[in-house]
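Pasting run_31.cif here (mmCIF, C-alpha atoms and all ligand atoms):
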data_query
loop_
_atom_site.label_atom_id
_atom_site.label_comp_id
_atom_site.auth_asym_id
_atom_site.auth_seq_id
_atom_site.Cartn_x
_atom_site.Cartn_y
_atom_site.Cartn_z
CA MET X 1 -2.12 -6.41 -5.01
CA GLY X 2 -1.89 -4.39 -8.24
CA VAL X 3 -1.71 -0.60 -7.91
CA LEU X 4 -4.21 1.49 -9.85
CA ASN X 5 -3.69 5.17 -9.11
CA VAL X 6 -6.41 7.22 -10.74
CA THR X 7 -4.57 10.40 -9.82
CA PRO X 8 -2.63 13.03 -11.78
CA ASP X 9 0.26 13.15 -9.31
CA SER X 10 1.11 9.78 -7.75
CA PHE X 11 4.88 9.52 -7.47
CA SER X 12 5.58 6.87 -10.07
CA ASP X 13 2.56 6.59 -12.35
CA GLY X 14 0.68 9.83 -11.79
CA GLY X 15 -1.68 10.72 -14.65
CA ARG X 16 -1.20 7.55 -16.65
CA TYR X 17 -4.55 6.10 -15.62
CA LEU X 18 -6.64 9.18 -15.02
CA SER X 19 -8.91 8.49 -17.98
CA ARG X 20 -11.49 5.82 -17.29
CA GLU X 21 -10.62 3.63 -20.24
CA ASP X 22 -6.91 3.71 -19.40
CA ALA X 23 -7.69 2.84 -15.79
CA LEU X 24 -9.95 -0.07 -16.73
CA ALA X 25 -7.53 -1.39 -19.33
CA HIS X 26 -4.64 -1.29 -16.84
CA ALA X 27 -6.70 -2.99 -14.14
CA HIS X 28 -7.69 -5.79 -16.51
CA ALA X 29 -4.11 -6.19 -17.67
CA MET X 30 -2.93 -6.62 -14.07
CA TRP X 31 -5.84 -8.98 -13.36
CA ARG X 32 -5.00 -11.13 -16.39
CA ARG X 33 -1.35 -11.16 -15.30
CA GLY X 34 -2.42 -12.67 -11.97
CA ALA X 35 -3.19 -9.87 -9.50
CA ASP X 36 -5.40 -11.09 -6.65
CA ILE X 37 -6.62 -7.59 -5.74
CA ILE X 38 -6.64 -4.29 -7.64
CA ASP X 39 -5.96 -1.38 -5.28
CA ILE X 40 -7.71 1.75 -6.50
CA GLY X 41 -6.55 5.12 -5.18
CA GLY X 42 -7.92 8.55 -6.05
CA GLU X 43 -5.64 10.75 -3.92
CA SER X 44 -1.86 10.77 -4.19
CA THR X 45 0.00 9.97 -0.98
CA ARG X 46 3.33 11.05 -2.44
CA PRO X 47 5.52 12.94 0.05
CA GLY X 48 4.66 16.62 -0.15
CA SER X 49 1.52 16.11 -2.24
CA GLN X 50 -1.47 18.38 -1.66
CA ARG X 51 -4.76 16.83 -0.60
CA VAL X 52 -7.77 16.65 -2.90
CA ASP X 53 -11.31 17.09 -1.59
CA ALA X 54 -13.64 14.13 -0.98
CA GLU X 55 -15.77 14.95 -4.01
CA THR X 56 -12.80 14.84 -6.36
CA GLU X 57 -11.48 11.64 -4.81
CA THR X 58 -14.91 10.00 -5.03
CA ALA X 59 -15.47 11.13 -8.63
CA ARG X 60 -12.16 9.55 -9.61
CA VAL X 61 -12.61 6.26 -7.78
CA LEU X 62 -16.29 5.28 -7.93
CA PRO X 63 -16.78 4.90 -11.69
CA VAL X 64 -13.70 2.69 -11.87
CA VAL X 65 -14.79 0.62 -8.86
CA ARG X 66 -18.28 0.13 -10.34
CA ALA X 67 -16.98 -0.96 -13.73
CA LEU X 68 -14.32 -3.33 -12.40
CA ALA X 69 -16.63 -4.81 -9.74
CA ALA X 70 -19.17 -5.47 -12.51
CA ASP X 71 -16.40 -7.36 -14.33
CA GLY X 72 -15.83 -9.51 -11.25
CA LEU X 73 -12.44 -8.14 -10.16
CA VAL X 74 -11.55 -8.12 -6.44
CA LEU X 75 -10.92 -4.52 -5.44
CA SER X 76 -9.48 -2.58 -2.53
CA VAL X 77 -10.02 1.14 -2.14
CA ASP X 78 -6.93 3.10 -1.12
CA THR X 79 -8.37 6.00 0.88
CA THR X 80 -8.11 7.70 4.26
CA ARG X 81 -11.71 8.98 4.06
CA ALA X 82 -14.54 6.94 5.61
CA ALA X 83 -17.12 8.34 3.20
CA VAL X 84 -15.03 7.32 0.19
CA ALA X 85 -14.44 3.86 1.65
CA ALA X 86 -18.16 3.41 2.37
CA ALA X 87 -19.12 4.52 -1.14
CA ALA X 88 -16.50 2.25 -2.72
CA ILE X 89 -17.67 -0.78 -0.73
CA GLU X 90 -21.23 0.07 -1.74
CA ALA X 91 -20.07 0.23 -5.37
CA GLY X 92 -18.45 -3.20 -5.17
CA ALA X 93 -15.00 -2.90 -3.62
CA GLN X 94 -14.26 -5.59 -1.05
CA VAL X 95 -11.23 -4.29 0.90
CA ILE X 96 -10.45 -1.01 2.67
CA ASN X 97 -6.80 0.01 2.36
CA ASP X 98 -6.25 2.95 4.70
CA VAL X 99 -2.70 4.31 4.66
CA SER X 100 -3.52 6.19 7.88
CA GLY X 101 -4.63 3.04 9.69
CA GLY X 102 -7.83 4.81 10.73
CA LEU X 103 -6.09 7.91 12.13
CA ALA X 104 -7.10 10.38 9.42
CA ASP X 105 -10.86 9.81 9.74
CA PRO X 106 -12.46 8.77 13.06
CA ASP X 107 -15.33 7.16 11.17
CA MET X 108 -13.17 4.80 9.12
CA ALA X 109 -13.01 1.98 11.69
CA LYS X 110 -16.80 2.16 12.04
CA VAL X 111 -17.22 1.77 8.27
CA ALA X 112 -14.86 -1.20 8.34
CA ALA X 113 -16.78 -2.72 11.25
CA GLU X 114 -20.21 -2.15 9.69
CA THR X 115 -19.25 -3.45 6.25
CA GLY X 116 -17.15 -6.33 7.58
CA ALA X 117 -14.61 -5.48 4.87
CA PRO X 118 -11.01 -6.60 5.30
CA PHE X 119 -9.20 -3.55 6.67
CA VAL X 120 -5.56 -2.80 5.86
CA LEU X 121 -4.03 -0.76 8.67
CA MET X 122 -0.84 0.89 7.46
CA HIS X 123 1.63 2.66 9.75
CA TRP X 124 1.37 6.44 9.26
CA ARG X 125 2.29 9.58 11.17
CA GLY X 126 0.58 12.29 9.14
CA HIS X 127 -0.43 13.54 5.73
CA SER X 128 2.11 13.68 2.96
CA LYS X 129 2.86 17.39 3.19
CA ASP X 130 4.67 17.03 6.53
CA MET X 131 5.57 13.35 6.47
CA ASN X 132 9.35 13.65 6.19
CA ALA X 133 9.56 15.77 9.33
CA LEU X 134 7.90 12.90 11.20
CA ALA X 135 10.59 10.34 10.34
CA GLU X 136 12.28 10.41 13.74
CA TYR X 137 12.63 7.12 15.64
CA LYS X 138 14.77 5.77 18.49
CA ASP X 139 13.80 2.20 17.55
CA VAL X 140 11.77 2.25 14.33
CA VAL X 141 10.71 -1.40 14.51
CA ALA X 142 9.50 -1.17 18.11
CA GLU X 143 7.82 2.19 17.57
CA VAL X 144 6.08 1.18 14.35
CA ARG X 145 4.98 -2.06 15.99
CA ASP X 146 3.59 -0.24 19.02
CA GLU X 147 1.88 2.44 16.94
CA LEU X 148 0.30 -0.22 14.70
CA CYS X 149 -0.88 -2.10 17.80
CA ALA X 150 -2.66 1.07 18.92
CA ARG X 151 -4.38 1.18 15.52
CA VAL X 152 -5.44 -2.45 15.96
CA ASP X 153 -6.82 -1.70 19.42
CA ASP X 154 -8.90 1.18 18.05
CA ALA X 155 -10.18 -0.95 15.18
CA LEU X 156 -11.16 -3.80 17.49
CA ALA X 157 -12.82 -1.33 19.88
CA ALA X 158 -14.88 -0.01 16.95
CA GLY X 159 -16.10 -3.54 16.25
CA VAL X 160 -13.72 -4.60 13.47
CA ALA X 161 -13.25 -8.37 13.55
CA THR X 162 -9.75 -9.66 14.30
CA GLU X 163 -9.77 -11.72 11.11
CA ALA X 164 -10.53 -8.60 9.04
CA ILE X 165 -7.28 -6.85 9.96
CA VAL X 166 -4.15 -6.71 7.76
CA LEU X 167 -1.06 -4.80 8.93
CA ASP X 168 1.37 -2.82 6.78
CA PRO X 169 4.59 -1.15 8.03
CA GLY X 170 4.07 1.82 5.70
CA LEU X 171 7.39 1.88 3.82
CA GLY X 172 8.27 5.41 2.82
CA PHE X 173 5.63 7.01 5.03
CA ALA X 174 7.44 9.07 7.67
CA LYS X 175 10.45 6.80 7.13
CA ARG X 176 13.92 7.36 5.80
CA ALA X 177 15.63 4.59 3.77
CA GLU X 178 17.32 3.10 6.82
CA HIS X 179 13.94 2.82 8.50
CA ASP X 180 12.45 1.02 5.50
CA TRP X 181 15.26 -1.54 5.47
CA ALA X 182 15.02 -2.06 9.23
CA LEU X 183 11.28 -2.73 8.92
CA LEU X 184 11.75 -5.21 6.08
CA HIS X 185 14.57 -6.93 7.97
CA SER X 186 12.21 -7.32 10.95
CA LEU X 187 9.04 -8.35 9.11
CA ASP X 188 8.77 -11.26 11.55
CA VAL X 189 8.12 -8.79 14.38
CA PHE X 190 4.92 -7.75 12.60
CA LEU X 191 4.00 -11.29 11.57
CA ASP X 192 4.40 -12.35 15.21
CA LEU X 193 1.49 -10.02 16.08
CA GLY X 194 -0.73 -12.64 14.44
CA PHE X 195 -2.12 -10.64 11.51
CA PRO X 196 -1.40 -10.92 7.78
CA VAL X 197 1.20 -8.38 6.68
CA LEU X 198 1.09 -6.41 3.43
CA VAL X 199 4.34 -4.92 2.07
CA GLY X 200 4.29 -1.86 -0.19
CA ALA X 201 7.85 -1.32 -1.46
CA SER X 202 7.05 -0.91 -5.14
CA ARG X 203 9.29 1.64 -6.88
CA LYS X 204 9.82 3.54 -3.62
CA ARG X 205 12.58 6.02 -2.87
CA PHE X 206 14.62 3.68 -0.64
CA LEU X 207 15.06 1.39 -3.64
CA GLY X 208 16.07 4.32 -5.83
CA ARG X 209 18.73 5.28 -3.29
CA LEU X 210 20.02 1.70 -3.08
CA LEU X 211 20.43 1.69 -6.86
CA ALA X 212 21.96 5.17 -7.13
CA ASP X 213 24.60 5.71 -9.84
CA ALA X 214 28.28 6.58 -9.36
CA GLU X 215 27.37 10.25 -8.90
CA GLY X 216 24.87 9.31 -6.20
CA GLU X 217 21.88 10.06 -8.42
CA PRO X 218 19.00 7.82 -7.31
CA ARG X 219 17.61 5.36 -9.87
CA PRO X 220 14.31 6.81 -11.23
CA PRO X 221 11.04 5.00 -10.32
CA SER X 222 10.76 3.32 -13.72
CA GLY X 223 14.13 1.64 -13.09
CA ARG X 224 13.14 0.10 -9.77
CA GLU X 225 11.06 -2.85 -11.00
CA VAL X 226 13.72 -5.56 -10.58
CA ALA X 227 14.51 -4.34 -7.07
CA THR X 228 10.77 -4.30 -6.32
CA ALA X 229 10.44 -7.89 -7.50
CA ALA X 230 13.42 -8.90 -5.35
CA VAL X 231 11.72 -7.36 -2.33
CA SER X 232 8.54 -9.26 -3.25
CA ALA X 233 10.43 -12.56 -3.34
CA LEU X 234 12.10 -11.89 0.01
CA ALA X 235 8.85 -10.68 1.56
CA ALA X 236 7.13 -13.87 0.38
CA GLN X 237 10.00 -15.90 1.81
CA ALA X 238 9.54 -14.05 5.13
CA GLY X 239 5.84 -14.95 5.20
CA ALA X 240 4.16 -11.75 4.00
CA TRP X 241 0.46 -12.07 3.14
CA GLY X 242 0.78 -9.80 0.10
CA VAL X 243 2.79 -7.23 -1.78
CA ARG X 244 1.36 -4.01 -3.25
CA VAL X 245 3.08 -3.49 -6.61
CA HIS X 246 2.82 -1.58 -9.89
CA ASP X 247 4.31 -4.36 -12.02
CA VAL X 248 2.26 -7.41 -11.07
CA GLY X 249 3.97 -9.74 -13.53
CA ALA X 250 7.49 -9.12 -12.29
CA SER X 251 6.58 -9.64 -8.65
CA LEU X 252 4.39 -12.65 -9.36
CA ASP X 253 7.30 -14.31 -11.15
CA ALA X 254 9.64 -13.44 -8.28
CA VAL X 255 7.21 -14.79 -5.68
CA LYS X 256 6.89 -18.00 -7.68
CA VAL X 257 10.69 -18.38 -7.55
CA ALA X 258 10.61 -17.94 -3.77
CA ALA X 259 7.85 -20.56 -3.47
CA ALA X 260 9.66 -23.07 -5.67
CA TRP X 261 12.88 -22.57 -3.73
CA ARG X 262 11.10 -22.99 -0.39
CA GLU X 263 9.06 -26.01 -1.45
CA ALA X 264 11.79 -27.85 -3.32
CA SER X 265 12.06 -31.34 -2.00
CA GLY X 266 14.87 -33.77 -2.58
CA GLY X 267 12.89 -35.16 -5.57
N1 LIG X 301 -1.29 -0.42 2.17
C1 LIG X 301 -0.49 0.44 1.48
N2 LIG X 301 -1.05 1.38 0.68
C2 LIG X 301 -0.25 2.25 0.00
N3 LIG X 301 -0.81 3.21 -0.78
C3 LIG X 301 -0.02 4.09 -1.46
C4 LIG X 301 1.37 4.00 -1.36
C5 LIG X 301 2.21 4.99 -2.08
O1 LIG X 301 2.66 4.44 -3.24
P1 LIG X 301 1.96 4.75 -4.66
O2 LIG X 301 2.07 6.24 -4.82
O3 LIG X 301 2.79 3.99 -5.59
O4 LIG X 301 0.56 4.30 -4.64
N4 LIG X 301 1.97 3.04 -0.59
C6 LIG X 301 1.17 2.17 0.10
C7 LIG X 301 1.73 1.14 0.95
O5 LIG X 301 2.96 1.00 1.10
N5 LIG X 301 0.86 0.32 1.61
#
Here is the file; what I need is its structure written in the form of structure tokens.
Amino acid sequence: MGVLNVTPDSFSDGGRYLSREDALAHAHAMWRRGADIIDIGGESTRPGSQRVDAETETARVLPVVRALAADGLVLSVDTTRAAVAAAAIEAGAQVINDVSGGLADPDMAKVAAETGAPFVLMHWRGHSKDMNALAEYKDVVAEVRDELCARVDDALAAGVATEAIVLDPGLGFAKRAEHDWALLHSLDVFLDLGFPVLVGASRKRFLGRLLADAEGEPRPPSGREVATAAVSALAAQAGAWGVRVHDVGASLDAVKVAAAWREASGG
């Protein structure tokens, strides 16, 4: 899943693809490099970011969705707003990627049910401005699992089909670095729930901290691509359904290494 943030303030690529031609060119470049889905987001979810209104988010996302759908690309819309998701599906997106797992908008599950669109339920505890205060867990794996199961129950109750649901542990969302690593280490716990699992580690803060320099200065987002690709390989090895990444080529190569390693026979 290739990330296309048509926002001015996303944490690692904010503003680079705000213009329509830049957004379309970047989407096609990721598609040519092998992305299976282009994930289009019009509102930054960066910790501490301010929300934008639905009109702004829609104005950013819809033209790009229309143009890329017309070119035959498979698209997900990264939004917590039901109206934006509905409009994007109408404009040609196929997948709803809701970082709030349906919590932010009570109508989202209904839109997913009515459209039949695959529905990514990510673990979330609140909007970006107060997310870090929510990163308190006694057992992060068990609590994230249980909270995601509640999201699944609500989605199913709204009429979403079981086979439409994809789970995502929500790395970096109301999580400190140790929580992110614990969730990756226990990816099987989420896979055992019986749904595909999407992993979104790309360029995130926990990787920057892992790669900090001698003075403890975290590696900047642009320097986290190799670590992201390593996570992609290990996530593939663990059975993840997909990885949501900025650098599609690096992760595709890394996932191919994992596949070759796993499938090597004695021949
Ligand atoms: N399903 C899913 N969606 C997401 N959307 C945005 C971000 C934030 O990262 P970005 O600012 O690079 O888009 N992370 C996720 C994620 O981990 N999973």
Considering only C-alpha atoms and all ligand atoms, state which residue in the set X:Arg219, X:Arg46, X:Lys138, X:Lys256 is at the smallest distance from ligand LIG 301 (chain X).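 Answer, going by the shortest atom-to-atom distance: X:Arg46.
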Residues within 7 Å of His123 of chain X, please, as a PDB file with C-alpha atoms, keeping the file's coordinate frame. Count all atoms listed in the file; anything in the same chain fewer than 5 positions from it doesn't count.
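Once everything was written out, this is around-v7.pdb:
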ATOM      1  CA  VAL X  99      -2.700   4.310   4.660  1.00  0.00           C
ATOM      2  CA  SER X 100      -3.520   6.190   7.880  1.00  0.00           C
ATOM      3  CA  GLY X 101      -4.630   3.040   9.690  1.00  0.00           C
ATOM      4  CA  VAL X 144       6.080   1.180  14.350  1.00  0.00           C
ATOM      5  CA  LEU X 148       0.300  -0.220  14.700  1.00  0.00           C
ATOM      6  CA  ASP X 168       1.370  -2.820   6.780  1.00  0.00           C
ATOM      7  CA  PRO X 169       4.590  -1.150   8.030  1.00  0.00           C
ATOM      8  CA  GLY X 170       4.070   1.820   5.700  1.00  0.00           C
TER       9      GLY X 170
END
Show me the residues around (1.4, -8.3, 19.7) - criterion: an atom at most 7 Å away, only C-alpha atoms counted - as an mmCIF file with C-alpha atoms, keeping the file's coordinate frame.
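That gives us out-v5.cif:
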data_model
loop_
_atom_site.group_PDB
_atom_site.id
_atom_site.type_symbol
_atom_site.label_atom_id
_atom_site.label_comp_id
_atom_site.auth_asym_id
_atom_site.auth_seq_id
_atom_site.Cartn_x
_atom_site.Cartn_y
_atom_site.Cartn_z
ATOM 1 C CA CYS X 149 -0.880 -2.100 17.800
ATOM 2 C CA ASP X 192 4.400 -12.350 15.210
ATOM 3 C CA LEU X 193 1.490 -10.020 16.080
#
Residues of chain X at most 7 Å from ligand LIG 301 (chain X): nearest atom pair and distance in Å, all atoms listed in the file, as JSON lines:
{"residue": "X:Val3", "atom": "CA", "partner": "X:LIG301", "partner_atom": "O4", "distance": 6.3}
{"residue": "X:Asn5", "atom": "CA", "partner": "X:LIG301", "partner_atom": "O4", "distance": 6.2}
{"residue": "X:Ser10", "atom": "CA", "partner": "X:LIG301", "partner_atom": "O2", "distance": 4.7}
{"residue": "X:Phe11", "atom": "CA", "partner": "X:LIG301", "partner_atom": "O2", "distance": 5.1}
{"residue": "X:Ser12", "atom": "CA", "partner": "X:LIG301", "partner_atom": "O3", "distance": 6.0}
{"residue": "X:Ser44", "atom": "CA", "partner": "X:LIG301", "partner_atom": "O2", "distance": 6.0}
{"residue": "X:Thr45", "atom": "CA", "partner": "X:LIG301", "partner_atom": "C5", "distance": 5.6}
{"residue": "X:Arg46", "atom": "CA", "partner": "X:LIG301", "partner_atom": "O2", "distance": 5.5}
{"residue": "X:Asp78", "atom": "CA", "partner": "X:LIG301", "partner_atom": "N3", "distance": 6.1}
{"residue": "X:Asn97", "atom": "CA", "partner": "X:LIG301", "partner_atom": "N1", "distance": 5.5}
{"residue": "X:Asp98", "atom": "CA", "partner": "X:LIG301", "partner_atom": "N1", "distance": 6.5}
{"residue": "X:Val99", "atom": "CA", "partner": "X:LIG301", "partner_atom": "N2", "distance": 5.2}
{"residue": "X:Val120", "atom": "CA", "partner": "X:LIG301", "partner_atom": "N1", "distance": 6.1}
{"residue": "X:Met122", "atom": "CA", "partner": "X:LIG301", "partner_atom": "N1", "distance": 5.5}
{"residue": "X:Asp168", "atom": "CA", "partner": "X:LIG301", "partner_atom": "N1", "distance": 5.8}
{"residue": "X:Gly170", "atom": "CA", "partner": "X:LIG301", "partner_atom": "O5", "distance": 4.8}
{"residue": "X:Leu171", "atom": "CA", "partner": "X:LIG301", "partner_atom": "O5", "distance": 5.3}
{"residue": "X:Leu198", "atom": "CA", "partner": "X:LIG301", "partner_atom": "N1", "distance": 6.6}
{"residue": "X:Val199", "atom": "CA", "partner": "X:LIG301", "partner_atom": "O5", "distance": 6.2}
{"residue": "X:Gly200", "atom": "CA", "partner": "X:LIG301", "partner_atom": "O5", "distance": 3.4}
{"residue": "X:Ala201", "atom": "CA", "partner": "X:LIG301", "partner_atom": "O5", "distance": 6.0}
{"residue": "X:Ser202", "atom": "CA", "partner": "X:LIG301", "partner_atom": "O3", "distance": 6.5}
{"residue": "X:Arg244", "atom": "CA", "partner": "X:LIG301", "partner_atom": "N5", "distance": 6.5}
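Contact shell of Glu225 of chain X at 8 Å (all atoms listed in the file; same-chain neighbours under 3 positions omitted): Ser202, Arg203, Pro221, Ser222, Thr228, Ala229, Asp247 and Ala250 of chain X.
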With C-alpha atoms retained, export the selected residues as a CSV table (one decimal), in the coordinates of the input.
chain,number,residue,atom,x,y,z
X,202,SER,CA,7.0,-0.9,-5.1
X,203,ARG,CA,9.3,1.6,-6.9
X,221,PRO,CA,11.0,5.0,-10.3
X,222,SER,CA,10.8,3.3,-13.7
X,228,THR,CA,10.8,-4.3,-6.3
X,229,ALA,CA,10.4,-7.9,-7.5
X,247,ASP,CA,4.3,-4.4,-12.0
X,250,ALA,CA,7.5,-9.1,-12.3
For Ile37 of chain X, find every residue with an atom within 8 Å (counting all atoms listed in the file), except residues of its own chain fewer than 4 positions away, and show them as JSON, numbers by chain. {"X": [1, 2, 31, 73, 74, 75, 76]}
Segment 47-57 of chain X: which residues within 10 Å, counting only C-alpha atoms, same-chain residues fewer than 5 positions away excluded, as a PDB file with C-alpha atoms, in the frame of the given file?
ATOM      1  CA  VAL X   6      -6.410   7.220 -10.740  1.00  0.00           C
ATOM      2  CA  THR X   7      -4.570  10.400  -9.820  1.00  0.00           C
ATOM      3  CA  ASP X   9       0.260  13.150  -9.310  1.00  0.00           C
ATOM      4  CA  SER X  10       1.110   9.780  -7.750  1.00  0.00           C
ATOM      5  CA  PHE X  11       4.880   9.520  -7.470  1.00  0.00           C
ATOM      6  CA  GLY X  41      -6.550   5.120  -5.180  1.00  0.00           C
ATOM      7  CA  GLY X  42      -7.920   8.550  -6.050  1.00  0.00           C
ATOM      8  CA  LEU X  62     -16.290   5.280  -7.930  1.00  0.00           C
ATOM      9  CA  THR X  79      -8.370   6.000   0.880  1.00  0.00           C
ATOM     10  CA  THR X  80      -8.110   7.700   4.260  1.00  0.00           C
ATOM     11  CA  ARG X  81     -11.710   8.980   4.060  1.00  0.00           C
ATOM     12  CA  ALA X  82     -14.540   6.940   5.610  1.00  0.00           C
ATOM     13  CA  ALA X  83     -17.120   8.340   3.200  1.00  0.00           C
ATOM     14  CA  VAL X  84     -15.030   7.320   0.190  1.00  0.00           C
ATOM     15  CA  HIS X 127      -0.430  13.540   5.730  1.00  0.00           C
ATOM     16  CA  SER X 128       2.110  13.680   2.960  1.00  0.00           C
ATOM     17  CA  LYS X 129       2.860  17.390   3.190  1.00  0.00           C
ATOM     18  CA  ASP X 130       4.670  17.030   6.530  1.00  0.00           C
ATOM     19  CA  MET X 131       5.570  13.350   6.470  1.00  0.00           C
ATOM     20  CA  ASN X 132       9.350  13.650   6.190  1.00  0.00           C
ATOM     21  CA  GLY X 172       8.270   5.410   2.820  1.00  0.00           C
ATOM     22  CA  PHE X 173       5.630   7.010   5.030  1.00  0.00           C
ATOM     23  CA  ALA X 174       7.440   9.070   7.670  1.00  0.00           C
TER      24      ALA X 174
END
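Counting all atoms listed in the file and comparing X:Gly102, X:Gly208, X:Gly15, X:Pro196, the residue that lies closest to Asp153 of chain X is X:Gly102.
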Near Ala161 of chain X, within 8 Å and counting all atoms listed in the file, which residues show up once chain neighbours fewer than 3 positions away are dropped, as an NGL selection string? :X and (113 or 116 or 156 or 164-165)
Mind giving me the straight-line distance from atom CA of Met30 of chain X to atom CA of Ser251 of chain X in Å, one decimal?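 Value for the atom CA of Met30 of chain X-atom CA of Ser251 of chain X distance: 11.4 Å.
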Could you work out how far atom CA of Val64 of chain X lies from atom CA of Ile40 of chain X, giving the answer in Å with one decimal?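 Atom CA of Val64 of chain X lies 8.1 Å from atom CA of Ile40 of chain X.
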Work out how far atom CA of Leu68 of chain X is from atom CA of Leu252 of chain X, in Å to one decimal.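 Separation of atom CA of Leu252 of chain X and atom CA of Leu68 of chain X: 21.1 Å.
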Could you tell me which of X:Glu178, X:Glu114, X:Asp22, X:Glu136 comes closest to Glu90 of chain X if we count all atoms listed in the file?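 Result for the nearest residue to Glu90 of chain X: X:Glu114.
Nearest residue to His185 of chain X, choosing from X:Phe119, X:Val141, X:Trp261, X:His246 and counting all atoms listed in the file: X:Val141.
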